[in-house]
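Structure file query-v7.txt; described as compact mmCIF, C-alpha atoms and all ligand atoms.
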# COMPACT_ATOMS: atom_id res chain seq x y z
CA MET A 56 0.48 3.56 -8.15
CA THR A 57 -1.94 5.56 -10.25
CA GLY A 58 -4.19 8.51 -9.47
CA PRO A 59 -3.55 11.35 -7.07
CA LEU A 60 -1.33 10.58 -4.11
CA ILE A 61 -2.21 11.59 -0.57
CA ILE A 62 0.59 11.28 2.00
CA VAL A 63 -0.21 11.71 5.68
CA ASN A 64 2.90 12.78 7.58
CA LEU A 65 2.60 11.73 11.22
CA LYS A 66 5.61 13.93 12.16
CA ALA A 67 6.46 13.49 15.86
CA TYR A 68 2.90 14.16 16.98
CA ALA A 69 1.85 12.26 20.10
CA GLU A 70 -1.43 11.70 18.25
CA GLY A 71 0.54 9.96 15.50
CA THR A 72 2.84 7.79 17.58
CA GLY A 73 2.64 4.14 18.66
CA GLU A 74 -0.93 2.82 18.80
CA GLN A 75 -2.21 6.11 17.45
CA ALA A 76 0.04 5.68 14.41
CA THR A 77 -1.37 2.23 13.74
CA ARG A 78 -4.89 3.62 14.12
CA ILE A 79 -4.16 6.20 11.42
CA ALA A 80 -2.55 3.56 9.20
CA ALA A 81 -5.67 1.40 9.60
CA ALA A 82 -7.86 4.37 8.66
CA ALA A 83 -5.67 5.07 5.60
CA ARG A 84 -5.97 1.46 4.48
CA GLU A 85 -9.73 1.42 5.02
CA VAL A 86 -10.38 4.69 3.16
CA ALA A 87 -7.98 3.73 0.35
CA GLU A 88 -9.81 0.41 -0.08
CA GLU A 89 -13.29 1.91 -0.15
CA SER A 90 -12.41 4.91 -2.34
CA GLY A 91 -9.66 3.57 -4.61
CA ALA A 92 -7.50 6.56 -3.60
CA VAL A 93 -3.77 6.12 -3.00
CA ILE A 94 -3.06 7.05 0.62
CA GLY A 95 0.42 6.72 2.08
CA VAL A 96 1.61 7.40 5.60
CA ALA A 97 4.94 8.77 6.84
CA PRO A 98 5.32 7.54 10.43
CA ALA A 99 8.22 8.00 12.83
CA TYR A 100 11.04 5.48 12.36
CA THR A 101 9.93 3.78 15.55
CA ASP A 102 6.56 2.91 14.01
CA LEU A 103 7.63 2.41 10.41
CA GLY A 104 8.39 -1.32 10.53
CA ILE A 105 5.20 -2.37 12.25
CA ILE A 106 3.03 -0.27 9.95
CA ALA A 107 4.77 -1.57 6.83
CA ARG A 108 4.36 -5.14 8.08
CA ASP A 109 0.77 -5.02 9.29
CA TYR A 110 -0.97 -2.43 7.09
CA ASP A 111 -1.22 -2.55 3.35
CA VAL A 112 -0.43 1.12 2.70
CA PRO A 113 2.59 2.78 1.08
CA VAL A 114 4.89 3.78 3.93
CA TYR A 115 7.29 6.70 3.65
CA ALA A 116 10.21 7.54 5.93
CA GLN A 117 10.17 11.16 7.08
CA HIS A 118 13.88 11.56 6.23
CA ILE A 119 16.91 9.52 5.24
CA ASP A 120 20.57 10.45 5.55
CA GLY A 121 22.70 10.35 2.43
CA VAL A 122 25.20 7.88 3.83
CA THR A 123 25.97 4.25 3.10
CA PRO A 124 25.67 1.67 5.87
CA GLY A 125 28.60 1.88 8.29
CA ALA A 126 29.92 3.96 11.16
CA HIS A 127 27.29 6.73 11.26
CA THR A 128 25.89 6.93 14.77
CA GLY A 129 22.47 8.52 14.94
CA HIS A 130 21.94 8.40 11.20
CA VAL A 131 19.26 6.50 9.32
CA THR A 132 20.12 4.92 5.99
CA ALA A 133 17.96 4.22 2.97
CA GLU A 134 18.90 0.56 3.42
CA GLN A 135 17.49 0.54 6.96
CA VAL A 136 14.12 2.06 6.08
CA ARG A 137 13.88 -0.13 2.98
CA ALA A 138 14.54 -3.23 5.09
CA ALA A 139 11.87 -2.06 7.54
CA GLY A 140 9.41 -1.99 4.65
CA ALA A 141 9.38 1.64 3.47
CA PHE A 142 8.10 2.28 -0.02
CA GLY A 143 9.48 5.81 -0.23
CA THR A 144 10.89 8.70 1.71
CA LEU A 145 10.44 12.40 2.29
CA ILE A 146 13.62 14.42 1.87
CA ASN A 147 14.21 17.99 3.08
CA HIS A 148 10.93 18.53 4.91
CA SER A 149 10.72 22.11 6.25
CA GLU A 150 11.03 20.64 9.73
CA ARG A 151 14.12 18.62 8.68
CA ARG A 152 15.92 20.87 6.25
CA LEU A 153 19.07 19.81 4.39
CA THR A 154 21.71 21.54 2.29
CA LEU A 155 21.56 21.06 -1.48
CA ALA A 156 24.48 18.62 -1.28
CA GLU A 157 22.69 16.64 1.44
CA ILE A 158 19.46 16.56 -0.58
CA GLU A 159 21.37 15.13 -3.53
CA ALA A 160 23.08 12.55 -1.29
CA SER A 161 19.75 11.48 0.25
CA LEU A 162 18.21 11.21 -3.21
CA THR A 163 21.13 9.06 -4.39
CA ALA A 164 20.62 6.82 -1.35
CA ALA A 165 16.89 6.56 -2.08
CA ARG A 166 17.60 5.57 -5.70
CA ARG A 167 20.17 3.00 -4.61
CA CYS A 168 17.48 1.29 -2.53
CA GLY A 169 14.54 1.74 -4.89
CA LEU A 170 12.71 4.15 -2.58
CA GLN A 171 10.31 6.62 -4.13
CA ALA A 172 11.68 10.09 -3.33
CA VAL A 173 9.54 13.09 -2.36
CA ILE A 174 11.71 16.21 -2.05
CA CYS A 175 9.94 18.88 -0.01
CA THR A 176 10.46 22.53 -0.92
CA ASN A 177 9.52 25.88 0.54
CA ASN A 178 9.23 28.19 -2.48
CA VAL A 179 9.25 28.23 -6.28
CA ALA A 180 13.04 28.55 -6.61
CA THR A 181 13.77 25.54 -4.41
CA THR A 182 11.02 23.61 -6.20
CA ALA A 183 12.78 24.22 -9.52
CA ALA A 184 16.13 23.20 -8.00
CA ALA A 185 14.61 20.04 -6.52
CA ALA A 186 12.97 19.15 -9.84
CA ALA A 187 16.37 19.43 -11.56
CA LEU A 188 17.58 16.57 -9.34
CA GLY A 189 14.87 14.33 -10.79
CA PRO A 190 13.02 12.80 -7.83
CA GLU A 191 9.67 11.10 -8.41
CA TYR A 192 7.90 13.94 -6.58
CA VAL A 193 8.54 17.43 -5.26
CA ALA A 194 6.20 18.72 -2.54
CA ILE A 195 5.82 22.47 -2.25
CA GLU A 196 4.80 23.56 1.26
CA PRO A 197 4.91 27.23 2.27
CA PRO A 198 6.40 26.98 5.79
CA GLU A 199 4.33 29.84 7.17
CA LEU A 200 1.13 27.85 6.52
CA ILE A 201 2.29 24.49 7.89
CA GLY A 202 0.23 23.39 10.87
CA THR A 203 -1.97 26.49 10.79
CA GLY A 204 -5.11 24.93 9.36
CA VAL A 205 -5.01 27.66 6.70
CA SER A 206 -4.90 25.80 3.41
CA VAL A 207 -2.23 26.58 0.80
CA SER A 208 -4.88 25.78 -1.82
CA LYS A 209 -6.95 28.74 -0.69
CA ALA A 210 -4.37 31.09 0.88
CA ASP A 211 -1.66 30.85 -1.77
CA PRO A 212 -2.84 29.11 -4.95
CA GLY A 213 -0.30 31.20 -6.89
CA ILE A 214 2.65 29.38 -5.31
CA ILE A 215 1.15 26.08 -6.42
CA GLU A 216 0.64 27.30 -9.99
CA ARG A 217 4.12 28.78 -10.20
CA SER A 218 5.67 25.64 -8.75
CA VAL A 219 3.84 23.39 -11.20
CA GLU A 220 5.00 25.66 -14.05
CA ALA A 221 8.59 25.62 -12.80
CA VAL A 222 8.64 21.83 -12.55
CA ARG A 223 7.16 21.43 -16.05
CA ARG A 224 9.84 23.74 -17.40
CA VAL A 225 12.75 22.10 -15.57
CA ASN A 226 11.78 18.43 -15.58
CA PRO A 227 8.29 17.44 -16.73
CA ALA A 228 8.81 13.85 -15.54
CA VAL A 229 8.68 15.01 -11.92
CA LYS A 230 5.27 14.98 -10.22
CA VAL A 231 4.14 17.72 -7.86
CA LEU A 232 2.49 17.51 -4.46
CA THR A 233 1.50 20.45 -2.33
CA GLY A 234 0.84 20.80 1.37
CA ALA A 235 0.26 23.04 4.37
CA GLY A 236 -3.10 23.37 6.04
CA ILE A 237 -4.81 20.86 3.74
CA SER A 238 -7.77 19.32 5.52
CA THR A 239 -10.77 18.93 3.21
CA GLY A 240 -11.79 17.43 -0.10
CA GLU A 241 -12.19 20.95 -1.42
CA CYS A 242 -8.51 21.77 -0.65
CA VAL A 243 -7.48 18.59 -2.48
CA LYS A 244 -9.71 19.37 -5.45
CA ILE A 245 -8.28 22.89 -5.78
CA ALA A 246 -4.71 21.58 -5.55
CA LEU A 247 -5.36 19.00 -8.26
CA GLY A 248 -7.11 21.62 -10.40
CA LEU A 249 -3.96 23.75 -10.21
CA GLY A 250 -1.99 20.91 -11.78
CA THR A 251 -0.62 18.97 -8.83
CA ASP A 252 -0.58 15.19 -8.53
CA GLY A 253 -1.64 15.04 -4.91
CA VAL A 254 -1.13 16.42 -1.43
CA LEU A 255 1.10 16.03 1.61
CA LEU A 256 -0.61 16.79 4.89
CA ALA A 257 -0.38 16.17 8.61
CA SER A 258 -2.48 17.89 11.28
CA GLY A 259 -5.79 17.71 9.38
CA VAL A 260 -5.71 13.92 9.79
CA VAL A 261 -3.32 13.30 12.69
CA LYS A 262 -5.09 15.68 15.05
CA ALA A 263 -8.62 14.81 13.91
CA GLN A 264 -10.91 13.15 16.45
CA ASP A 265 -11.77 10.63 13.75
CA PRO A 266 -8.89 10.21 11.25
CA ALA A 267 -10.97 7.92 9.00
CA ALA A 268 -13.68 10.59 8.68
CA ALA A 269 -11.03 13.22 7.92
CA LEU A 270 -9.56 10.98 5.21
CA ARG A 271 -13.02 10.30 3.75
CA ASP A 272 -13.56 14.04 3.46
CA LEU A 273 -10.16 14.45 1.73
CA VAL A 274 -11.01 11.91 -0.97
CA SER A 275 -14.68 12.88 -1.26
CA LEU A 276 -14.30 15.02 -4.40
CA LEU A 277 -11.77 12.91 -6.31
O1 LIG B 301 4.32 17.31 5.76
C1 LIG B 301 3.07 17.87 5.83
C2 LIG B 301 3.08 19.20 6.45
O2 LIG B 301 4.24 19.84 6.69
C3 LIG B 301 1.86 20.01 6.39
O3 LIG B 301 1.42 20.00 7.69
O4 LIG B 301 -0.22 20.11 9.44
O5 LIG B 301 -0.18 21.87 7.69
O6 LIG B 301 -0.96 19.58 7.12
P1 LIG B 301 -0.07 20.41 7.99

Output the structure of this file as structure tokens.
Ligand code: G3P
Amino acid sequence: MTGPLIIVNLKAYAEGTGEQATRIAAAAREVAEESGAVIGVAPAYTDLGIIARDYDVPVYAQHIDGVTPGAHTGHVTAEQVRAAGAFGTLINHSERRLTLAEIEASLTAARRCGLQAVICTNNVATTAAAAALGPEYVAIEPPELIGTGVSVSKADPGIIERSVEAVRRVNPAVKVLTGAGISTGECVKIALGLGTDGVLLASGVVKAQDPAAALRDLVSLL
């Protein structure tokens, strides 16, 4: 994949579940095709397989557990999401936080299965720590802005700049995403201008009346 990466996290939103999830995946595929942008989706596990099978978009799990296949009731392994067609996985989302040891174990599991790893972080210090582990991406998302519609690009550009700086210092091979309240092409443009490699967002697309139109706006200034 080349160019900025946009990942739409469907979370556990009713508007991003079942048929609604496939509608968003279809919109992502359509807008990616017409714009050349790279747009991935992170559906619930229950929708992951069908989206990976029927829609030509990079599919991310929202979380994986750092365990190997075996007696782990209620866990989800990297092997399982890989077999269902996942391309990558989020790790340590603010709504699914892990300990440092668990983050490392999930990352090891992702590597074992060839999944692209996106470690989510909540501040500059955790971004630096995550970068030291060497995932493909870290995604800095100030928790207080998540789901508010107030864009990190506009409300807290400093955290993006400081995170990008920290990652370059610790491990320049790691790419940086940012998220929280991102909903327009302008937010994406500002984030990229601050040195990121893309964005991670949810409500701006999932809760939009017309997800395809919301995605078109997001890629409009690329
Ligand atoms: O994973 C994306 C996320 O936490 C940001 O959510 O709704 O503010 O775009 P949202």

Using only C-alpha atoms, which residues sit within 12 Å of A:Pro198 once same-chain residues fewer than 6 positions away are excluded, as a short mmCIF file (atom, residue, chain, number, x, y, z; two decimals) with C-alpha atoms, keeping the file's coordinate frame?
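New file around07.cif:
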data_model
loop_
_atom_site.label_atom_id
_atom_site.label_comp_id
_atom_site.auth_asym_id
_atom_site.auth_seq_id
_atom_site.Cartn_x
_atom_site.Cartn_y
_atom_site.Cartn_z
CA HIS A 148 10.93 18.53 4.91
CA SER A 149 10.72 22.11 6.25
CA GLU A 150 11.03 20.64 9.73
CA ARG A 151 14.12 18.62 8.68
CA ARG A 152 15.92 20.87 6.25
CA CYS A 175 9.94 18.88 -0.01
CA THR A 176 10.46 22.53 -0.92
CA ASN A 177 9.52 25.88 0.54
CA ASN A 178 9.23 28.19 -2.48
CA VAL A 205 -5.01 27.66 6.70
CA SER A 206 -4.90 25.80 3.41
CA VAL A 207 -2.23 26.58 0.80
CA ASP A 211 -1.66 30.85 -1.77
CA ILE A 214 2.65 29.38 -5.31
CA THR A 233 1.50 20.45 -2.33
CA GLY A 234 0.84 20.80 1.37
CA ALA A 235 0.26 23.04 4.37
CA GLY A 236 -3.10 23.37 6.04
#

Report task. Report the distance between atom CA of A:Lys209 and atom CA of A:Val243 in Å, rounded to one decimal place. Result -> 10.3 Å

**Report entry** Using only C-alpha atoms and all ligand atoms: which of A:Asp252, A:Glu199, A:Asp272, A:Glu216 has the shortest distance to ligand LIG 301 (chain B)
**Finding:** A:Glu199

Show which residues sit within 8 Å of A:Gly121, as an mmCIF file with C-alpha atoms, keeping the file's coordinate frame. Count all atoms listed in the file, and ignore same-chain residues fewer than 2 positions away.
data_model
loop_
_atom_site.group_PDB
_atom_site.id
_atom_site.type_symbol
_atom_site.label_atom_id
_atom_site.label_comp_id
_atom_site.auth_asym_id
_atom_site.auth_seq_id
_atom_site.Cartn_x
_atom_site.Cartn_y
_atom_site.Cartn_z
ATOM 1 C CA ILE A 119 16.910 9.520 5.240
ATOM 2 C CA THR A 123 25.970 4.250 3.100
ATOM 3 C CA THR A 132 20.120 4.920 5.990
ATOM 4 C CA ALA A 133 17.960 4.220 2.970
ATOM 5 C CA GLU A 157 22.690 16.640 1.440
ATOM 6 C CA ILE A 158 19.460 16.560 -0.580
ATOM 7 C CA GLU A 159 21.370 15.130 -3.530
ATOM 8 C CA ALA A 160 23.080 12.550 -1.290
ATOM 9 C CA SER A 161 19.750 11.480 0.250
ATOM 10 C CA LEU A 162 18.210 11.210 -3.210
ATOM 11 C CA THR A 163 21.130 9.060 -4.390
ATOM 12 C CA ALA A 164 20.620 6.820 -1.350
#

Query raised in the report: Do you know which residues are within 6 Å of ligand LIG 301 (chain B) using all atoms listed in the file? Can you write them as number ranges by chain?
Result: A: 64, 201-203, 234-237, 255-259

Report task. Go through A:Ala156, A:Val93, A:Ile146, A:Cys168 one by one, measure the shortest atom-to-atom distance of each to A:Ala194 using all atoms listed in the file, and give the residue with the smallest value. Result -> A:Ile146

Report task. Check the smallest atom-to-atom distance from each of A:Leu145, A:Ala80, A:Leu273, A:Ala184 to A:Lys244 using all atoms listed in the file, then report the winner. Result ->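 When distances to A:Lys244 are compared using all atoms listed in the file, the smallest one comes from A:Leu273.
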
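With all atoms listed in the file as the atoms that count, the residue of A:Glu70, A:Gly250, A:Asp102, A:Pro113 with the shortest distance to A:Arg84 is A:Pro113.
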
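The gap separating atom CA of A:Gly91 from atom CA of A:Ala228 is 23.8 Å, in Å to one decimal.
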
Query raised in the report: A:Gly104, A:Gly169, A:Pro124, A:Pro197: which is nearest A:Gly140, counting only C-alpha atoms?
Result: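 Ranking A:Gly104, A:Gly169, A:Pro124, A:Pro197 by distance to A:Gly140, first place goes to A:Gly104.
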
Query - A:Leu232 environment, 10 Å, only C-alpha atoms, sequence neighbours closer than 4 positions dropped, as a ChimeraX atom specification - result: /A:59-62,173-175,192-196,215,218-219,246-247,250-256
